[in-house]
$ cat final07.txt   # compact mmCIF, C-alpha atoms
# COMPACT_ATOMS: atom_id res chain seq x y z
CA MET A 452 0.00 0.00 0.00
CA LYS A 453 1.37 3.41 -0.98
CA ARG A 454 2.27 5.82 1.82
CA GLU A 455 -0.41 8.37 0.90
CA ASN A 456 -3.06 5.67 0.56
CA THR A 457 -2.10 4.31 3.99
CA LYS A 458 -2.27 7.77 5.53
CA GLN A 459 -5.73 8.37 4.10
CA LYS A 460 -6.91 4.95 5.26
CA ILE A 461 -5.68 5.74 8.79
CA ILE A 462 -7.68 8.98 8.78
CA GLU A 463 -10.84 7.30 7.48
CA THR A 464 -10.56 4.34 9.84
CA ALA A 465 -9.91 6.52 12.86
CA LEU A 466 -12.90 8.71 11.97
CA THR A 467 -15.13 5.64 11.87
CA LEU A 468 -13.86 4.37 15.23
CA PHE A 469 -14.02 7.80 16.90
CA SER A 470 -17.58 8.35 15.64
CA GLU A 471 -18.68 4.98 17.03
CA ARG A 472 -16.85 4.91 20.37
CA GLY A 473 -15.36 8.33 21.05
CA TYR A 474 -11.76 9.53 20.95
CA ASP A 475 -10.67 8.38 24.39
CA ALA A 476 -12.06 4.86 23.96
CA VAL A 477 -9.96 4.12 20.87
CA SER A 478 -6.25 3.31 21.05
CA VAL A 479 -3.57 3.79 18.41
CA GLY A 480 -3.15 0.01 18.38
CA GLU A 481 -6.83 -0.49 17.57
CA ILE A 482 -6.63 2.02 14.71
CA ALA A 483 -3.56 0.26 13.33
CA GLU A 484 -5.21 -3.15 13.60
CA ALA A 485 -8.33 -1.92 11.80
CA VAL A 486 -6.16 -0.45 9.02
CA GLY A 487 -4.21 -3.71 8.74
CA ILE A 488 -0.79 -2.46 9.85
CA LYS A 489 1.33 -2.65 12.99
CA ALA A 490 1.22 0.19 15.52
CA PRO A 491 4.89 1.15 14.91
CA SER A 492 4.08 1.51 11.21
CA LEU A 493 1.25 3.90 12.01
CA TYR A 494 3.76 6.22 13.70
CA ASN A 495 5.54 6.55 10.36
CA HIS A 496 2.48 8.54 9.25
CA PHE A 497 1.30 10.29 12.44
CA GLN A 498 3.20 11.16 15.58
CA SER A 499 0.24 10.61 17.90
CA LYS A 500 -3.48 9.92 18.14
CA GLN A 501 -4.03 13.67 18.54
CA ALA A 502 -2.25 14.21 15.22
CA ILE A 503 -4.69 11.78 13.59
CA PHE A 504 -7.61 13.68 15.11
CA ASP A 505 -6.20 17.00 13.88
CA ALA A 506 -5.83 15.53 10.37
CA ILE A 507 -9.48 14.41 10.46
CA VAL A 508 -10.59 17.95 11.32
CA GLU A 509 -8.46 19.48 8.57
CA THR A 510 -9.33 17.04 5.79
CA THR A 511 -13.05 17.10 6.59
CA ALA A 512 -13.12 20.90 6.46
CA LEU A 513 -11.39 20.85 3.06
CA GLN A 514 -13.77 18.19 1.77
CA TYR A 515 -16.84 20.14 2.93
CA GLU A 516 -15.64 23.35 1.31
CA LYS A 517 -14.83 21.58 -1.97
CA ASP A 518 -18.10 19.62 -2.15
CA THR A 519 -20.44 22.46 -1.19
CA GLY A 520 -18.64 24.79 -3.56
CA ARG A 521 -20.05 22.73 -6.42
CA ILE A 522 -23.53 24.06 -5.62
CA ASP A 523 -22.32 27.65 -5.05
CA ILE A 524 -22.42 27.50 -1.26
CA HIS A 525 -19.18 28.70 0.34
CA VAL A 526 -19.73 28.76 4.10
CA GLN A 527 -16.35 30.38 4.71
CA ARG A 528 -16.72 32.97 1.91
CA ALA A 529 -20.15 34.57 2.01
CA ALA A 530 -19.20 37.25 -0.50
CA ALA A 531 -18.81 34.55 -3.17
CA ASP A 532 -22.48 33.61 -2.83
CA VAL A 533 -24.12 37.04 -2.65
CA PRO A 534 -24.49 37.59 -6.44
CA MET A 535 -26.30 34.25 -6.87
CA LEU A 536 -28.57 34.90 -3.87
CA MET A 537 -29.54 38.36 -5.11
CA THR A 538 -31.92 36.85 -7.67
CA ILE A 539 -32.69 33.39 -6.32
CA GLY A 540 -36.32 32.25 -6.21
CA GLU A 541 -38.05 30.32 -3.45
CA GLU A 542 -37.95 26.94 -5.21
CA GLU A 543 -34.32 27.36 -6.24
CA LEU A 544 -33.40 28.35 -2.68
CA PHE A 545 -35.08 25.28 -1.26
CA GLU A 546 -33.29 23.08 -3.78
CA LYS A 547 -29.91 24.40 -2.63
CA VAL A 548 -30.87 23.93 1.03
CA ARG A 549 -32.13 20.43 0.23
CA GLN A 550 -28.83 19.57 -1.44
CA ILE A 551 -26.86 20.73 1.61
CA PHE A 552 -29.26 18.84 3.89
CA ASP A 553 -28.91 15.66 1.83
CA TYR A 554 -25.12 16.01 1.65
CA SER A 555 -24.84 16.57 5.41
CA LEU A 556 -26.88 13.46 6.15
CA HIS A 557 -25.55 11.06 3.51
CA ASN A 558 -21.92 11.90 2.87
CA ASP A 559 -20.23 9.23 4.97
CA ASN A 560 -17.26 11.29 6.17
CA ILE A 561 -19.33 14.39 6.95
CA ARG A 562 -21.92 12.35 8.83
CA LYS A 563 -19.27 10.51 10.85
CA PHE A 564 -17.43 13.76 11.60
CA ARG A 565 -20.59 15.37 12.95
CA LYS A 566 -21.30 12.30 15.09
CA MET A 567 -17.72 12.27 16.37
CA MET A 568 -17.86 15.94 17.30
CA THR A 569 -21.25 15.48 18.98
CA ILE A 570 -19.53 13.02 21.30
CA GLU A 571 -16.23 14.89 21.66
CA GLN A 572 -17.73 18.31 22.44
CA PHE A 573 -17.94 17.24 26.08
CA ARG A 574 -14.41 15.83 26.29
CA SER A 575 -12.53 19.10 26.42
CA PRO A 576 -13.20 22.86 26.33
CA SER A 577 -11.23 23.23 23.10
CA LEU A 578 -13.27 20.57 21.31
CA GLY A 579 -16.49 22.06 22.67
CA GLU A 580 -15.40 25.41 21.26
CA LEU A 581 -14.60 23.77 17.90
CA TYR A 582 -18.02 22.12 17.82
CA THR A 583 -19.77 25.44 18.56
CA ARG A 584 -17.73 27.25 15.95
CA ARG A 585 -18.08 24.61 13.23
CA PHE A 586 -21.77 23.73 13.63
CA SER A 587 -23.30 26.96 14.92
CA GLU A 588 -21.33 30.21 14.88
CA ARG A 589 -19.82 29.74 11.43
CA LEU A 590 -23.24 29.12 9.87
CA VAL A 591 -24.80 32.09 11.66
CA ASP A 592 -21.91 34.39 10.69
CA TYR A 593 -22.12 33.29 7.04
CA HIS A 594 -25.86 33.91 6.80
CA ALA A 595 -25.67 37.19 8.73
CA GLU A 596 -23.16 38.48 6.18
CA ILE A 597 -25.38 37.31 3.33
CA PHE A 598 -28.42 39.02 4.85
CA ARG A 599 -26.51 42.28 5.41
CA SER A 600 -25.67 42.39 1.71
CA LEU A 601 -29.22 41.53 0.62
CA ILE A 602 -30.75 44.12 2.97
CA ALA A 603 -28.31 46.80 1.75
CA ALA A 604 -29.33 46.03 -1.83
CA GLY A 605 -33.04 46.21 -0.95
CA VAL A 606 -33.60 42.58 -1.91
CA ILE A 607 -34.93 41.55 1.50
CA TYR A 608 -36.12 43.30 4.63
CA GLY A 609 -34.66 42.81 8.11
CA GLY A 610 -33.26 44.41 11.20
CA ASP A 611 -30.72 42.54 13.32
CA THR A 612 -28.96 40.30 10.81
CA ASN A 613 -27.57 38.00 13.51
CA ALA A 614 -31.10 37.40 14.82
CA LEU A 615 -32.30 36.86 11.27
CA ALA A 616 -29.51 34.34 10.67
CA LEU A 617 -30.42 32.46 13.85
CA MET A 618 -34.06 32.33 12.76
CA TYR A 619 -33.01 30.83 9.43
CA VAL A 620 -30.27 28.44 10.56
CA ALA A 621 -31.65 26.99 13.80
CA PRO A 622 -34.46 24.91 12.24
CA VAL A 623 -32.04 23.44 9.69
CA ILE A 624 -29.59 22.37 12.41
CA THR A 625 -32.46 20.99 14.48
CA LEU A 626 -33.82 18.90 11.60
CA ILE A 627 -30.38 17.48 10.78
CA GLY A 628 -30.07 16.48 14.44
CA VAL A 629 -33.45 14.74 14.34
CA CYS A 630 -32.39 12.76 11.26
CA ASP A 631 -29.07 11.84 12.87
CA ARG A 632 -30.95 10.28 15.78
CA GLN A 633 -33.94 8.99 13.82
CA PRO A 634 -33.01 8.52 10.13
CA GLU A 635 -36.42 7.04 9.38
CA ARG A 636 -37.89 10.56 9.81
CA GLU A 637 -35.93 12.09 6.92
CA THR A 638 -38.95 12.47 4.60
CA GLU A 639 -40.92 14.18 7.37
CA CYS A 640 -37.97 16.47 8.14
CA LEU A 641 -37.60 17.40 4.47
CA GLU A 642 -41.23 18.52 4.39
CA LYS A 643 -40.65 20.62 7.49
CA LEU A 644 -37.50 22.03 5.93
CA LYS A 645 -39.44 23.02 2.80
CA SER A 646 -42.11 24.74 4.90
CA HIS A 647 -39.43 26.59 6.86
CA VAL A 648 -37.66 27.87 3.74
CA LYS A 649 -40.98 28.90 2.16
CA GLN A 650 -42.10 30.77 5.28
CA PHE A 651 -38.78 32.51 5.77
CA TYR A 652 -38.47 33.48 2.11
CA SER A 653 -41.99 34.89 2.09
CA MET A 654 -41.38 36.83 5.30
CA VAL A 655 -38.23 38.65 4.24
CA HIS A 656 -39.33 39.31 0.66
CA THR A 657 -42.89 40.41 1.44
CA SER A 658 -41.56 42.81 4.05
CA ALA A 659 -39.04 44.17 1.56
CA GLY A 660 -41.82 44.72 -0.97
CA ASN A 661 -43.97 46.54 1.58
CA ALA A 662 -41.02 48.70 2.57
CA ARG A 663 -40.67 49.86 -1.02
$ encode --input "final07.txt" --output "structure tokens"
Amino acid sequence: MKRENTKQKIIETALTLFSERGYDAVSVGEIAEAVGIKAPSLYNHFQSKQAIFDAIVETTALQYEKDTGRIDIHVQRAAADVPMLMTIGEEELFEKVRQIFDYSLHNDNIRKFRKMMTIEQFRSPSLGELYTRRFSERLVDYHAEIFRSLIAAGVIYGGDTNALALMYVAPVITLIGVCDRQPERETECLEKLKSHVKQFYSMVHTSAGNAR
């Protein structure tokens, strides 16, 4: 097995084990055994279990940015999405949200990463902070910046953009969490997601129209 292939397999295997049992419950030896190598060989690729965890965080972030960029959603670069969102219709908006929702639930690495971080958020303050940043604050900040641009252009109506972002993002996060725990409810959650997007879109655009 080539060195880079082995390194990637270590990352993927560790992510699976961490998402199932938690970081502390998994040893380097168990990761190596699951990969099919000896523990000393694993250290040729990573200096420690923490280094493996850090690589998981980094590679998953890069994967998410690359994959979501294909549907013009750049959570770390709101300015890149403003032109597209200036003219987007309700149905098109829901389709983009649906694609993100589906990707979040069904991409194996993204799903496992979220599950791992759900467990690990209670292990240490730094991981709790990472969880909050990755799955809450970053999404709110991205949408708040989007809404500021749309309000300034007169496309939508709103006041406190952070509050507006929370109103928009919170139901999406909640519904993903429901599906994580009860995957059989995905169809129901998609219907609720569609109703949420429709209601929110109508609210901000009707208000903008009345303001003009």
$ atom_distance --input "final07.txt" --atom1 "CA of Gly579 (chain A)" --atom2 "CA of Leu556 (chain A)"
21.3 Å
$ closest_residue --input "final07.txt" --among "A:Val508, A:Val655, A:Ile551, A:Ala476" --to "Ile607 (chain A)" --atoms "all atoms listed in the file"
A:Val655
$ closest_residue --input "final07.txt" --among "A:Phe497, A:Phe564, A:Tyr474, A:Phe552" --to "Thr510 (chain A)" --atoms "all atoms listed in the file"
A:Phe564
$ residues_around --input "final07.txt" --residues "Ile539 (chain A)" --least-positions-apart "4" --cutoff "12 Å" --atoms "all atoms listed in the file" --output "PyMOL selection string"
chain A and resi 523+532-535+543-547+601+606-607+652+656
$ closest_residue --input "final07.txt" --among "A:Ile624, A:Gln459, A:Tyr608, A:Tyr494" --to "Glu588 (chain A)" --atoms "all atoms listed in the file"
A:Ile624
$ closest_residue --input "final07.txt" --among "A:Ile627, A:Ala595, A:Leu513, A:Met567" --to "Asn613 (chain A)" --atoms "only C-alpha atoms"
A:Ala595
$ atom_distance --input "final07.txt" --atom1 "CA of Ser575 (chain A)" --atom2 "CA of Gln501 (chain A)"
12.8 Å
$ atom_distance --input "final07.txt" --atom1 "CA of Thr569 (chain A)" --atom2 "CA of Val486 (chain A)"
24.1 Å
$ residues_near_point --input "final07.txt" --point "(-35.8, 25.1, 12.8)" --cutoff "12 Å" --atoms "only C-alpha atoms" --output "number ranges by chain"
A: 616-629, 640-648, 650-651
$ closest_residue --input "final07.txt" --among "A:Thr612, A:Thr519, A:Asn560, A:Gln633" --to "Ala465 (chain A)" --atoms "only C-alpha atoms"
A:Asn560
$ residues_near_point --input "final07.txt" --point "(-2.9, -0.5, 16.8)" --cutoff "12 Å" --atoms "only C-alpha atoms" --output "MDAnalysis selection string"
chainID A and resid 461 464:465 477:494 499:500
$ decode --input "final07.txt" --residues "region 485-514 of chain A" --atoms "C-alpha atoms" --output "mmCIF file, in the first residue's frame"
data_model
loop_
_atom_site.group_PDB
_atom_site.id
_atom_site.type_symbol
_atom_site.label_atom_id
_atom_site.label_comp_id
_atom_site.auth_asym_id
_atom_site.auth_seq_id
_atom_site.Cartn_x
_atom_site.Cartn_y
_atom_site.Cartn_z
ATOM 1 C CA ALA A 485 -8.330 -1.924 11.797
ATOM 2 C CA VAL A 486 -6.160 -0.454 9.024
ATOM 3 C CA GLY A 487 -4.210 -3.707 8.743
ATOM 4 C CA ILE A 488 -0.793 -2.458 9.852
ATOM 5 C CA LYS A 489 1.330 -2.650 12.991
ATOM 6 C CA ALA A 490 1.217 0.192 15.522
ATOM 7 C CA PRO A 491 4.891 1.150 14.911
ATOM 8 C CA SER A 492 4.083 1.507 11.210
ATOM 9 C CA LEU A 493 1.248 3.905 12.014
ATOM 10 C CA TYR A 494 3.759 6.220 13.699
ATOM 11 C CA ASN A 495 5.542 6.554 10.362
ATOM 12 C CA HIS A 496 2.483 8.538 9.253
ATOM 13 C CA PHE A 497 1.295 10.288 12.442
ATOM 14 C CA GLN A 498 3.204 11.162 15.584
ATOM 15 C CA SER A 499 0.241 10.610 17.896
ATOM 16 C CA LYS A 500 -3.476 9.920 18.144
ATOM 17 C CA GLN A 501 -4.030 13.666 18.544
ATOM 18 C CA ALA A 502 -2.247 14.206 15.224
ATOM 19 C CA ILE A 503 -4.689 11.783 13.593
ATOM 20 C CA PHE A 504 -7.610 13.678 15.109
ATOM 21 C CA ASP A 505 -6.203 16.998 13.876
ATOM 22 C CA ALA A 506 -5.835 15.525 10.372
ATOM 23 C CA ILE A 507 -9.475 14.405 10.464
ATOM 24 C CA VAL A 508 -10.587 17.952 11.324
ATOM 25 C CA GLU A 509 -8.457 19.483 8.566
ATOM 26 C CA THR A 510 -9.330 17.038 5.790
ATOM 27 C CA THR A 511 -13.048 17.098 6.587
ATOM 28 C CA ALA A 512 -13.119 20.900 6.465
ATOM 29 C CA LEU A 513 -11.389 20.847 3.061
ATOM 30 C CA GLN A 514 -13.769 18.188 1.773
#
